[in-house]
Amino acid sequence: MPDSAGIEAQFLRNAWYVAGFAEELDRTPLLGRRILDLPILLFRDSKGRAAAIGDRCPHRFAPLHLGRLEGDQVRCGYHGLAFGRTGRCVDNPHGPTGALAVPSYPLEEKSGLLWIWLGTAEQADPALIPSFDCLDESRWLIGRGYLGGNAHYELMSDNILDLSHIEFLHPSLGSDAVSRARVEVRQDGESVIATRRMTDELLPPNLARVYRSGDQPVNRTMEVSWHAPANLLLDVAIEPAGGSENWRTGSQSLHLFTPESACKTHYFYIGALSRDWADASTAAGFFDALGRAFATEDKPMIDAQQAMLGDSDLMALKPALLPIDKAAVLARRRLAALIAAERASVD
Amino acid sequence: MPDSAGIEAQFLRNAWYVAGFAEELDRTPLLGRRILDLPILLFRDSKGRAAAIGDRCPHRFAPLHLGRLEGDQVRCGYHGLAFGRTGRCVDNPHGPTGALAVPSYPLEEKSGLLWIWLGTAEQADPALIPSFDCLDESRWLIGRGYLGGNAHYELMSDNILDLSHIEFLHPSLGSDAVSRARVEVRQDGESVIATRRMTDELLPPNLARVYRSGDQPVNRTMEVSWHAPANLLLDVAIEPAGGSENWRTGSQSLHLFTPESACKTHYFYIGALSRDWADASTAAGFFDALGRAFATEDKPMIDAQQAMLGDSDLMALKPALLPIDKAAVLARRRLAALIAAERASVD
Amino acid sequence: MPDSAGIEAQFLRNAWYVAGFAEELDRTPLLGRRILDLPILLFRDSKGRAAAIGDRCPHRFAPLHLGRLEGDQVRCGYHGLAFGRTGRCVDNPHGPTGALAVPSYPLEEKSGLLWIWLGTAEQADPALIPSFDCLDESRWLIGRGYLGGNAHYELMSDNILDLSHIEFLHPSLGSDAVSRARVEVRQDGESVIATRRMTDELLPPNLARVYRSGDQPVNRTMEVSWHAPANLLLDVAIEPAGGSENWRTGSQSLHLFTPESACKTHYFYIGALSRDWADASTAAGFFDALGRAFATEDKPMIDAQQAMLGDSDLMALKPALLPIDKAAVLARRRLAALIAAERASVD
């Protein structure tokens, strides 16, 4: 069912989006999920290879995820047509399979994430899937989470691209050093990178415990890298503020936003601490705190922001632009250019 | 309140629709129900005769079903205007009754059902009300149920007209003989009749108990008769598969669909087993199982189908048509012709 | 978020509306409330003076009521911009405050009510705020309540302007004397006043206890005064029906309706009994009964009335007009004239 919001949904089609965590298919063998306002079905074939096809049976438009997974095929739970990973109907109990089919979409499983391509299939180059070091579980302790955002995905990218909000929205994760920080923003090819440097900062106690800084001041560098359309890596590096000691901790987190529809967003997030120095118990507590902050501080604020916007686009309402918006504005411009180029190539 | 769905609601007006079960008025003396997107009030006068009038007081548009039944009249619960079965205001505490009135609609009570006519009253011939043998409680054990469908009523007719779905949607009510069955579809005047013949079928245990077939194979014939606009009778006949014995059981069920609005449907259903051979306990268990299947298997699938369609009409989205759709397609065509003829006669 | 109802919201802008009870700011220091479909923030500065500004941060449109009150300023909970009672940004942690601002609105606190003016600020004369004697707590025992109505505010004014509904909607607050009453309606400047005189009335027991009439008949006069746009005073005077005794009781109640959006209304109500003869316990019971009647009898009826109207305006559907509607029709005409005049002066 199309989203009824009045915002014209302008999505970049030729891009890899996270469709889900690989582990979700263990719990839900037929995973129906709306992505870019399309009904998508995710499943694994008998060899364990993940696949994505349209979730709408061509016969009576029943959702295929209400059916059954049978080996390599998905059987519709209404009248029994079965479809394989190519989308072709492989069994029609009521006649020939003929041209019966649902769309199929390139899907790649990489480091625990399922990446889908909803644009021109020929352009779906797996090499374009962003690589994130922190997904390597041999070196990182990892925690995963999901939130359904009731907001346009760019509002959610904006949130990460401007971490000045930590001081105000996340009192337990910040200090006044956050607002005194120097921020540099640069473009690096298709990426926008915002680097925030807090110097001589006394971390709040919970962070000091995670990062093992004790009660000594640290320099904290938070580098956010935005990858179009809406995948963000936040790298946090902690080191002693004075030059006397020489240790380094930190964390990484991924904020992977996939539009569900015009004003709904799948938010897949991952926290990571290096196995070099962190233990599982510290990591679990840290990931819990992160998830709680996202769910109880970020999400309510961004959902409320969208509610204030109603059906209007943020930029159409002429928000006051501040220096802190620089990275978000650059990313929005870059994304708008990519979408415009894609549309132009189609016309 | 008009339904906001984008489907242009095209209802056949000159037709009898089930407005409710007669027994509902015992529990709810003033029964407000939206039918063909009109607010309708059902009640009984002091002689027990059921009546249908508009549920919207002409004074301030308060729903009359929030008022009181006083003998032959319904008194509005807001300012006290009272209306009789003709819709005429019969008491105005604040002045003359004058031309104050709500619409009244022909209503017929027949075999436990209340049938309403929302078209041209002069054409409301009670002889046009379909007769269903199984409503005769002297010969049938009967079970009644109601579901509120979140789907266009034709999707719900389609469901009954194509019983190939039993094998896939109702594992406990089918066998693979269902898919091997021969199906014949014919038109009989205004009706569409689909006959499905399963031969040499081993019924699932629960059905074998109901139909008393034990562990012997049977021939099962399921005949669906569709009566415009959306009233369906399913007659099931069971007989031994070999020629050696000579008994016959079976069941009937009614699937009476009345549009509430564009994408909402009142589903009145009735199951019936012959008193010739069935006992009350068997019947109760059977009706329970039917009701459970309708509520937990049919309804979720059809509601999900509608959600996939959104505001679009099924046929506008060009579904793949299979041989199993023959009866549904014929019924849809017949209904479309009736609606077109009705509209033409109005213009 | 604009209300999606199809009724064109025609509000009188140049008027004082009740924005809240003063005491609400004790419990909710940052009170976000939609009024005339605008997001409004109510708060007190450090001197305790109530203020009203726009509830939408100009930076990213976050609701300011999710932020913090810091002395004289409200700090946005997202990125920390702070605004004072004039709406001007008084602190921007990320740069100059420049022209950053939200709208500010005249707000007056008077006798426990917060009155807001959303029209041309220069015309916001506090002398125009209606004075209600019963708000003087030195002479009246007072009970306050709030309901969120799902109806156009004029439907809610209509309800008070025509008290003939008491007999039908509030059986415990009326008697058949209500329908036999004489009603006079007159205009008095900008007000519409409807006076209902019940003579020789035996009050229902609960009212007889409140008004101390025992079992003797009384004359009850109920005078409703409507003040544009939608503030109503109901004055009830009780005196013995015969001329032999000479006492007088009664009550006052305020029904203050403020449009939230096209079909939602803030309903602030106040009941009052004179300290001259009433005690706190009688008053508490009376206010409880009033609140219960409003919540369980008036509100469901008016909400249902609106649901029947859907997106249509009452008058556009040509309701049958009765003599009892005289006051409501006059008030609606007067308000329409005021709105038309206001629009003409803007064009």
# chains A, B, ... in the order shown; residues from 1 in each chain; ligands from 1
call {"tool": "select_by_dssp", "arguments": {"residues": "region 149-253 of chain C", "states": "alpha helix (DSSP H)", "output": "ChimeraX atom specification"}}
result
/C:153-161,166-169,177-180,205-211
call {"tool": "select_by_dssp", "arguments": {"residues": "region 69-284 of chain C", "states": "strand (DSSP E or B)", "output": "MDAnalysis selection string"}}
result
chainID C and resid 69:70 73:75 82:83 88:91 101 104:105 107:110 113:117 140:149 182:188 191:201 218:227 231:240 249:261 264:274
call {"tool": "write_last_selection", "arguments": {"atoms": "C-alpha atoms", "output": "compact mmCIF listing (two decimals), in the first residue's frame"}}
result
# COMPACT_ATOMS: atom_id res chain seq x y z
CA LEU C 69 13.04 25.52 30.57
CA GLU C 70 16.11 27.40 31.81
CA GLN C 73 14.44 30.81 28.16
CA VAL C 74 13.42 27.59 26.51
CA ARG C 75 16.26 25.51 25.17
CA ALA C 82 17.33 28.92 23.29
CA PHE C 83 14.41 31.31 22.91
CA ARG C 88 13.92 35.86 19.77
CA CYS C 89 16.77 33.39 19.96
CA VAL C 90 18.76 34.36 23.05
CA ASP C 91 21.43 31.69 22.87
CA ALA C 101 13.32 33.48 16.17
CA SER C 104 5.55 35.06 19.90
CA TYR C 105 1.94 35.60 20.79
CA LEU C 107 -0.73 35.87 26.32
CA GLU C 108 -2.64 37.09 29.33
CA GLU C 109 -3.15 35.29 32.59
CA LYS C 110 -6.42 36.19 34.19
CA LEU C 113 -6.89 31.10 32.69
CA LEU C 114 -4.25 31.67 30.04
CA TRP C 115 -5.69 33.66 27.13
CA ILE C 116 -3.85 33.72 23.82
CA TRP C 117 -4.22 36.05 20.82
CA TRP C 140 -16.91 30.85 44.43
CA LEU C 141 -16.00 27.24 44.97
CA ILE C 142 -14.53 26.13 41.67
CA GLY C 143 -13.86 22.88 39.79
CA ARG C 144 -11.94 22.70 36.55
CA GLY C 145 -11.76 20.08 33.82
CA TYR C 146 -10.56 19.47 30.31
CA LEU C 147 -11.78 17.31 27.47
CA GLY C 148 -10.34 16.88 24.00
CA GLY C 149 -13.29 17.01 21.64
CA ARG C 182 -40.01 29.00 28.01
CA VAL C 183 -36.88 30.06 26.16
CA GLU C 184 -35.95 33.59 25.15
CA VAL C 185 -33.05 34.36 22.87
CA ARG C 186 -31.57 37.78 22.39
CA GLN C 187 -28.45 39.41 21.11
CA ASP C 188 -26.60 41.75 23.41
CA SER C 191 -23.14 38.18 22.75
CA VAL C 192 -26.01 35.81 22.20
CA ILE C 193 -28.04 35.06 25.30
CA ALA C 194 -30.53 32.24 25.66
CA THR C 195 -32.68 32.16 28.80
CA ARG C 196 -34.63 29.05 29.70
CA ARG C 197 -37.18 29.30 32.50
CA MET C 198 -38.48 26.18 34.16
CA THR C 199 -41.31 26.85 36.61
CA ASP C 200 -42.70 24.71 39.36
CA GLU C 201 -40.07 22.07 38.72
CA VAL C 218 -38.54 25.42 42.32
CA ASN C 219 -38.25 27.85 39.49
CA ARG C 220 -35.03 27.18 37.63
CA THR C 221 -33.61 29.73 35.23
CA MET C 222 -30.72 28.72 32.99
CA GLU C 223 -29.11 31.58 31.13
CA VAL C 224 -26.46 30.82 28.53
CA SER C 225 -24.29 33.67 27.27
CA TRP C 226 -22.20 33.04 24.22
CA HIS C 227 -19.16 35.22 23.61
CA ASN C 231 -16.77 30.99 25.16
CA LEU C 232 -19.98 30.30 27.01
CA LEU C 233 -21.26 31.02 30.50
CA LEU C 234 -24.17 29.06 31.89
CA ASP C 235 -25.81 30.72 34.89
CA VAL C 236 -28.34 28.64 36.78
CA ALA C 237 -30.61 30.36 39.30
CA ILE C 238 -32.86 28.38 41.64
CA GLU C 239 -35.61 29.84 43.82
CA PRO C 240 -38.67 28.42 45.49
CA THR C 249 -29.15 29.09 45.10
CA GLY C 250 -27.75 28.13 41.74
CA SER C 251 -24.52 27.56 39.91
CA GLN C 252 -22.39 28.90 37.16
CA SER C 253 -20.37 27.00 34.63
CA LEU C 254 -17.98 28.06 31.91
CA HIS C 255 -17.62 26.20 28.66
CA LEU C 256 -14.58 27.56 26.90
CA PHE C 257 -13.92 26.07 23.48
CA THR C 258 -10.66 26.61 21.65
CA PRO C 259 -10.17 25.10 18.20
CA GLU C 260 -7.23 22.72 18.06
CA SER C 261 -7.70 22.10 14.35
CA LYS C 264 -10.66 18.97 17.13
CA THR C 265 -11.47 21.23 20.02
CA HIS C 266 -9.97 21.95 23.42
CA TYR C 267 -12.81 22.01 25.92
CA PHE C 268 -11.93 23.82 29.15
CA TYR C 269 -14.78 23.78 31.62
CA ILE C 270 -15.28 25.23 35.04
CA GLY C 271 -18.09 24.69 37.50
CA ALA C 272 -18.78 27.14 40.30
CA LEU C 273 -20.99 27.24 43.40
CA SER C 274 -21.29 30.31 45.58
call {"tool": "interface_residues", "arguments": {"of": "chain C", "to": "chain A", "cutoff": "12 Å", "atoms": "only C-alpha atoms", "output": "MDAnalysis selection string"}}
result
chainID C and resid 1:4 32 34 37:40 54:68 75:82 89 92:102
call {"tool": "closest_residue", "arguments": {"among": "B:Glu24, B:Ala341, B:Gly48, B:Ala328", "to": "Ser157 (chain B)", "atoms": "only C-alpha atoms"}}
result
B:Ala328
call {"tool": "closest_residue", "arguments": {"among": "C:Pro106, C:Pro205, C:Gly291, C:Gly189", "to": "Ile129 (chain C)", "atoms": "only C-alpha atoms"}}
result
C:Pro106
call {"tool": "decode", "arguments": {"residues": "region 287-323 of chain B", "atoms": "N, CA, C and O atoms", "output": "PDB file, in the first residue's frame"}}
result
ATOM      1  N   PHE B 287     -18.973 -26.091  13.153  1.00  0.00           N
ATOM      2  CA  PHE B 287     -19.158 -24.649  12.956  1.00  0.00           C
ATOM      3  C   PHE B 287     -18.015 -23.866  13.604  1.00  0.00           C
ATOM      4  O   PHE B 287     -17.549 -22.857  13.062  1.00  0.00           O
ATOM      5  N   ASP B 288     -17.588 -24.344  14.759  1.00  0.00           N
ATOM      6  CA  ASP B 288     -16.421 -23.733  15.403  1.00  0.00           C
ATOM      7  C   ASP B 288     -15.208 -23.760  14.495  1.00  0.00           C
ATOM      8  O   ASP B 288     -14.490 -22.758  14.355  1.00  0.00           O
ATOM      9  N   ALA B 289     -14.961 -24.919  13.906  1.00  0.00           N
ATOM     10  CA  ALA B 289     -13.787 -25.064  13.043  1.00  0.00           C
ATOM     11  C   ALA B 289     -13.907 -24.164  11.819  1.00  0.00           C
ATOM     12  O   ALA B 289     -12.932 -23.518  11.398  1.00  0.00           O
ATOM     13  N   LEU B 290     -15.114 -24.101  11.257  1.00  0.00           N
ATOM     14  CA  LEU B 290     -15.321 -23.201  10.111  1.00  0.00           C
ATOM     15  C   LEU B 290     -15.020 -21.754  10.501  1.00  0.00           C
ATOM     16  O   LEU B 290     -14.270 -21.047   9.825  1.00  0.00           O
ATOM     17  N   GLY B 291     -15.627 -21.327  11.604  1.00  0.00           N
ATOM     18  CA  GLY B 291     -15.452 -19.943  12.039  1.00  0.00           C
ATOM     19  C   GLY B 291     -13.986 -19.616  12.284  1.00  0.00           C
ATOM     20  O   GLY B 291     -13.501 -18.532  11.945  1.00  0.00           O
ATOM     21  N   ARG B 292     -13.261 -20.590  12.860  1.00  0.00           N
ATOM     22  CA  ARG B 292     -11.838 -20.370  13.126  1.00  0.00           C
ATOM     23  C   ARG B 292     -11.064 -20.221  11.814  1.00  0.00           C
ATOM     24  O   ARG B 292     -10.191 -19.367  11.683  1.00  0.00           O
ATOM     25  N   ALA B 293     -11.405 -21.071  10.854  1.00  0.00           N
ATOM     26  CA  ALA B 293     -10.716 -20.979   9.557  1.00  0.00           C
ATOM     27  C   ALA B 293     -11.008 -19.640   8.883  1.00  0.00           C
ATOM     28  O   ALA B 293     -10.105 -18.993   8.341  1.00  0.00           O
ATOM     29  N   PHE B 294     -12.259 -19.213   8.932  1.00  0.00           N
ATOM     30  CA  PHE B 294     -12.583 -17.928   8.297  1.00  0.00           C
ATOM     31  C   PHE B 294     -11.824 -16.788   8.983  1.00  0.00           C
ATOM     32  O   PHE B 294     -11.308 -15.887   8.324  1.00  0.00           O
ATOM     33  N   ALA B 295     -11.778 -16.847  10.307  1.00  0.00           N
ATOM     34  CA  ALA B 295     -11.201 -15.718  11.061  1.00  0.00           C
ATOM     35  C   ALA B 295      -9.682 -15.719  11.026  1.00  0.00           C
ATOM     36  O   ALA B 295      -9.057 -14.657  11.003  1.00  0.00           O
ATOM     37  N   THR B 296      -9.074 -16.894  11.052  1.00  0.00           N
ATOM     38  CA  THR B 296      -7.606 -16.951  11.204  1.00  0.00           C
ATOM     39  C   THR B 296      -6.890 -17.299   9.911  1.00  0.00           C
ATOM     40  O   THR B 296      -5.671 -17.196   9.849  1.00  0.00           O
ATOM     41  N   GLU B 297      -7.624 -17.737   8.892  1.00  0.00           N
ATOM     42  CA  GLU B 297      -6.956 -18.095   7.635  1.00  0.00           C
ATOM     43  C   GLU B 297      -7.478 -17.218   6.480  1.00  0.00           C
ATOM     44  O   GLU B 297      -6.697 -16.519   5.826  1.00  0.00           O
ATOM     45  N   ASP B 298      -8.786 -17.214   6.235  1.00  0.00           N
ATOM     46  CA  ASP B 298      -9.306 -16.412   5.119  1.00  0.00           C
ATOM     47  C   ASP B 298      -9.142 -14.916   5.352  1.00  0.00           C
ATOM     48  O   ASP B 298      -8.602 -14.193   4.515  1.00  0.00           O
ATOM     49  N   LYS B 299      -9.649 -14.463   6.485  1.00  0.00           N
ATOM     50  CA  LYS B 299      -9.669 -13.012   6.708  1.00  0.00           C
ATOM     51  C   LYS B 299      -8.276 -12.380   6.686  1.00  0.00           C
ATOM     52  O   LYS B 299      -8.061 -11.369   5.996  1.00  0.00           O
ATOM     53  N   PRO B 300      -7.289 -12.943   7.402  1.00  0.00           N
ATOM     54  CA  PRO B 300      -5.964 -12.304   7.337  1.00  0.00           C
ATOM     55  C   PRO B 300      -5.413 -12.258   5.913  1.00  0.00           C
ATOM     56  O   PRO B 300      -4.780 -11.274   5.522  1.00  0.00           O
ATOM     57  N   MET B 301      -5.668 -13.324   5.141  1.00  0.00           N
ATOM     58  CA  MET B 301      -5.144 -13.337   3.774  1.00  0.00           C
ATOM     59  C   MET B 301      -5.838 -12.285   2.911  1.00  0.00           C
ATOM     60  O   MET B 301      -5.184 -11.551   2.155  1.00  0.00           O
ATOM     61  N   ILE B 302      -7.139 -12.193   3.033  1.00  0.00           N
ATOM     62  CA  ILE B 302      -7.875 -11.263   2.164  1.00  0.00           C
ATOM     63  C   ILE B 302      -7.617  -9.814   2.596  1.00  0.00           C
ATOM     64  O   ILE B 302      -7.452  -8.922   1.760  1.00  0.00           O
ATOM     65  N   ASP B 303      -7.554  -9.585   3.889  1.00  0.00           N
ATOM     66  CA  ASP B 303      -7.192  -8.235   4.363  1.00  0.00           C
ATOM     67  C   ASP B 303      -5.800  -7.853   3.846  1.00  0.00           C
ATOM     68  O   ASP B 303      -5.573  -6.709   3.428  1.00  0.00           O
ATOM     69  N   ALA B 304      -4.869  -8.802   3.872  1.00  0.00           N
ATOM     70  CA  ALA B 304      -3.497  -8.522   3.411  1.00  0.00           C
ATOM     71  C   ALA B 304      -3.474  -8.279   1.909  1.00  0.00           C
ATOM     72  O   ALA B 304      -2.698  -7.439   1.418  1.00  0.00           O
ATOM     73  N   GLN B 305      -4.315  -9.009   1.205  1.00  0.00           N
ATOM     74  CA  GLN B 305      -4.446  -8.820  -0.245  1.00  0.00           C
ATOM     75  C   GLN B 305      -4.921  -7.381  -0.516  1.00  0.00           C
ATOM     76  O   GLN B 305      -4.360  -6.680  -1.359  1.00  0.00           O
ATOM     77  N   GLN B 306      -5.931  -6.944   0.232  1.00  0.00           N
ATOM     78  CA  GLN B 306      -6.420  -5.572   0.049  1.00  0.00           C
ATOM     79  C   GLN B 306      -5.333  -4.557   0.384  1.00  0.00           C
ATOM     80  O   GLN B 306      -5.174  -3.543  -0.302  1.00  0.00           O
ATOM     81  N   ALA B 307      -4.591  -4.825   1.445  1.00  0.00           N
ATOM     82  CA  ALA B 307      -3.517  -3.903   1.828  1.00  0.00           C
ATOM     83  C   ALA B 307      -2.490  -3.802   0.705  1.00  0.00           C
ATOM     84  O   ALA B 307      -1.962  -2.715   0.428  1.00  0.00           O
ATOM     85  N   MET B 308      -2.195  -4.913   0.051  1.00  0.00           N
ATOM     86  CA  MET B 308      -1.266  -4.888  -1.082  1.00  0.00           C
ATOM     87  C   MET B 308      -1.840  -4.063  -2.230  1.00  0.00           C
ATOM     88  O   MET B 308      -1.105  -3.374  -2.942  1.00  0.00           O
ATOM     89  N   LEU B 309      -3.148  -4.155  -2.432  1.00  0.00           N
ATOM     90  CA  LEU B 309      -3.786  -3.406  -3.516  1.00  0.00           C
ATOM     91  C   LEU B 309      -3.849  -1.917  -3.186  1.00  0.00           C
ATOM     92  O   LEU B 309      -3.888  -1.081  -4.085  1.00  0.00           O
ATOM     93  N   GLY B 310      -3.869  -1.591  -1.891  1.00  0.00           N
ATOM     94  CA  GLY B 310      -4.028  -0.190  -1.515  1.00  0.00           C
ATOM     95  C   GLY B 310      -5.351   0.326  -2.036  1.00  0.00           C
ATOM     96  O   GLY B 310      -6.385  -0.319  -1.882  1.00  0.00           O
ATOM     97  N   ASP B 311      -5.315   1.464  -2.668  1.00  0.00           N
ATOM     98  CA  ASP B 311      -6.546   2.050  -3.190  1.00  0.00           C
ATOM     99  C   ASP B 311      -6.867   1.566  -4.599  1.00  0.00           C
ATOM    100  O   ASP B 311      -7.826   2.038  -5.210  1.00  0.00           O
ATOM    101  N   SER B 312      -6.053   0.675  -5.106  1.00  0.00           N
ATOM    102  CA  SER B 312      -6.260   0.254  -6.495  1.00  0.00           C
ATOM    103  C   SER B 312      -7.271  -0.875  -6.591  1.00  0.00           C
ATOM    104  O   SER B 312      -7.383  -1.709  -5.699  1.00  0.00           O
ATOM    105  N   ASP B 313      -7.997  -0.889  -7.685  1.00  0.00           N
ATOM    106  CA  ASP B 313      -8.895  -1.990  -7.967  1.00  0.00           C
ATOM    107  C   ASP B 313      -8.073  -3.180  -8.448  1.00  0.00           C
ATOM    108  O   ASP B 313      -7.081  -3.033  -9.160  1.00  0.00           O
ATOM    109  N   LEU B 314      -8.483  -4.375  -8.054  1.00  0.00           N
ATOM    110  CA  LEU B 314      -7.744  -5.583  -8.433  1.00  0.00           C
ATOM    111  C   LEU B 314      -7.513  -5.637  -9.936  1.00  0.00           C
ATOM    112  O   LEU B 314      -6.381  -5.817 -10.399  1.00  0.00           O
ATOM    113  N   MET B 315      -8.588  -5.492 -10.703  1.00  0.00           N
ATOM    114  CA  MET B 315      -8.476  -5.700 -12.142  1.00  0.00           C
ATOM    115  C   MET B 315      -7.634  -4.622 -12.807  1.00  0.00           C
ATOM    116  O   MET B 315      -6.950  -4.878 -13.800  1.00  0.00           O
ATOM    117  N   ALA B 316      -7.655  -3.399 -12.228  1.00  0.00           N
ATOM    118  CA  ALA B 316      -6.863  -2.311 -12.791  1.00  0.00           C
ATOM    119  C   ALA B 316      -5.371  -2.628 -12.723  1.00  0.00           C
ATOM    120  O   ALA B 316      -4.578  -2.120 -13.523  1.00  0.00           O
ATOM    121  N   LEU B 317      -4.989  -3.483 -11.786  1.00  0.00           N
ATOM    122  CA  LEU B 317      -3.571  -3.839 -11.645  1.00  0.00           C
ATOM    123  C   LEU B 317      -3.194  -5.039 -12.511  1.00  0.00           C
ATOM    124  O   LEU B 317      -2.072  -5.531 -12.424  1.00  0.00           O
ATOM    125  N   LYS B 318      -4.143  -5.506 -13.338  1.00  0.00           N
ATOM    126  CA  LYS B 318      -3.867  -6.587 -14.288  1.00  0.00           C
ATOM    127  C   LYS B 318      -3.284  -7.835 -13.614  1.00  0.00           C
ATOM    128  O   LYS B 318      -2.126  -8.207 -13.848  1.00  0.00           O
ATOM    129  N   PRO B 319      -4.085  -8.487 -12.809  1.00  0.00           N
ATOM    130  CA  PRO B 319      -3.601  -9.729 -12.200  1.00  0.00           C
ATOM    131  C   PRO B 319      -3.472 -10.803 -13.280  1.00  0.00           C
ATOM    132  O   PRO B 319      -4.156 -10.742 -14.311  1.00  0.00           O
ATOM    133  N   ALA B 320      -2.588 -11.756 -13.043  1.00  0.00           N
ATOM    134  CA  ALA B 320      -2.492 -12.911 -13.937  1.00  0.00           C
ATOM    135  C   ALA B 320      -3.755 -13.744 -13.756  1.00  0.00           C
ATOM    136  O   ALA B 320      -4.100 -14.113 -12.634  1.00  0.00           O
ATOM    137  N   LEU B 321      -4.444 -14.010 -14.844  1.00  0.00           N
ATOM    138  CA  LEU B 321      -5.678 -14.803 -14.739  1.00  0.00           C
ATOM    139  C   LEU B 321      -5.363 -16.267 -15.017  1.00  0.00           C
ATOM    140  O   LEU B 321      -4.708 -16.597 -15.999  1.00  0.00           O
ATOM    141  N   LEU B 322      -5.839 -17.111 -14.118  1.00  0.00           N
ATOM    142  CA  LEU B 322      -5.614 -18.556 -14.246  1.00  0.00           C
ATOM    143  C   LEU B 322      -6.963 -19.233 -14.488  1.00  0.00           C
ATOM    144  O   LEU B 322      -8.027 -18.639 -14.251  1.00  0.00           O
ATOM    145  N   PRO B 323      -6.932 -20.473 -14.936  1.00  0.00           N
ATOM    146  CA  PRO B 323      -8.205 -21.194 -15.113  1.00  0.00           C
ATOM    147  C   PRO B 323      -9.051 -21.207 -13.837  1.00  0.00           C
ATOM    148  O   PRO B 323     -10.276 -21.147 -13.910  1.00  0.00           O
TER     149      PRO B 323
END
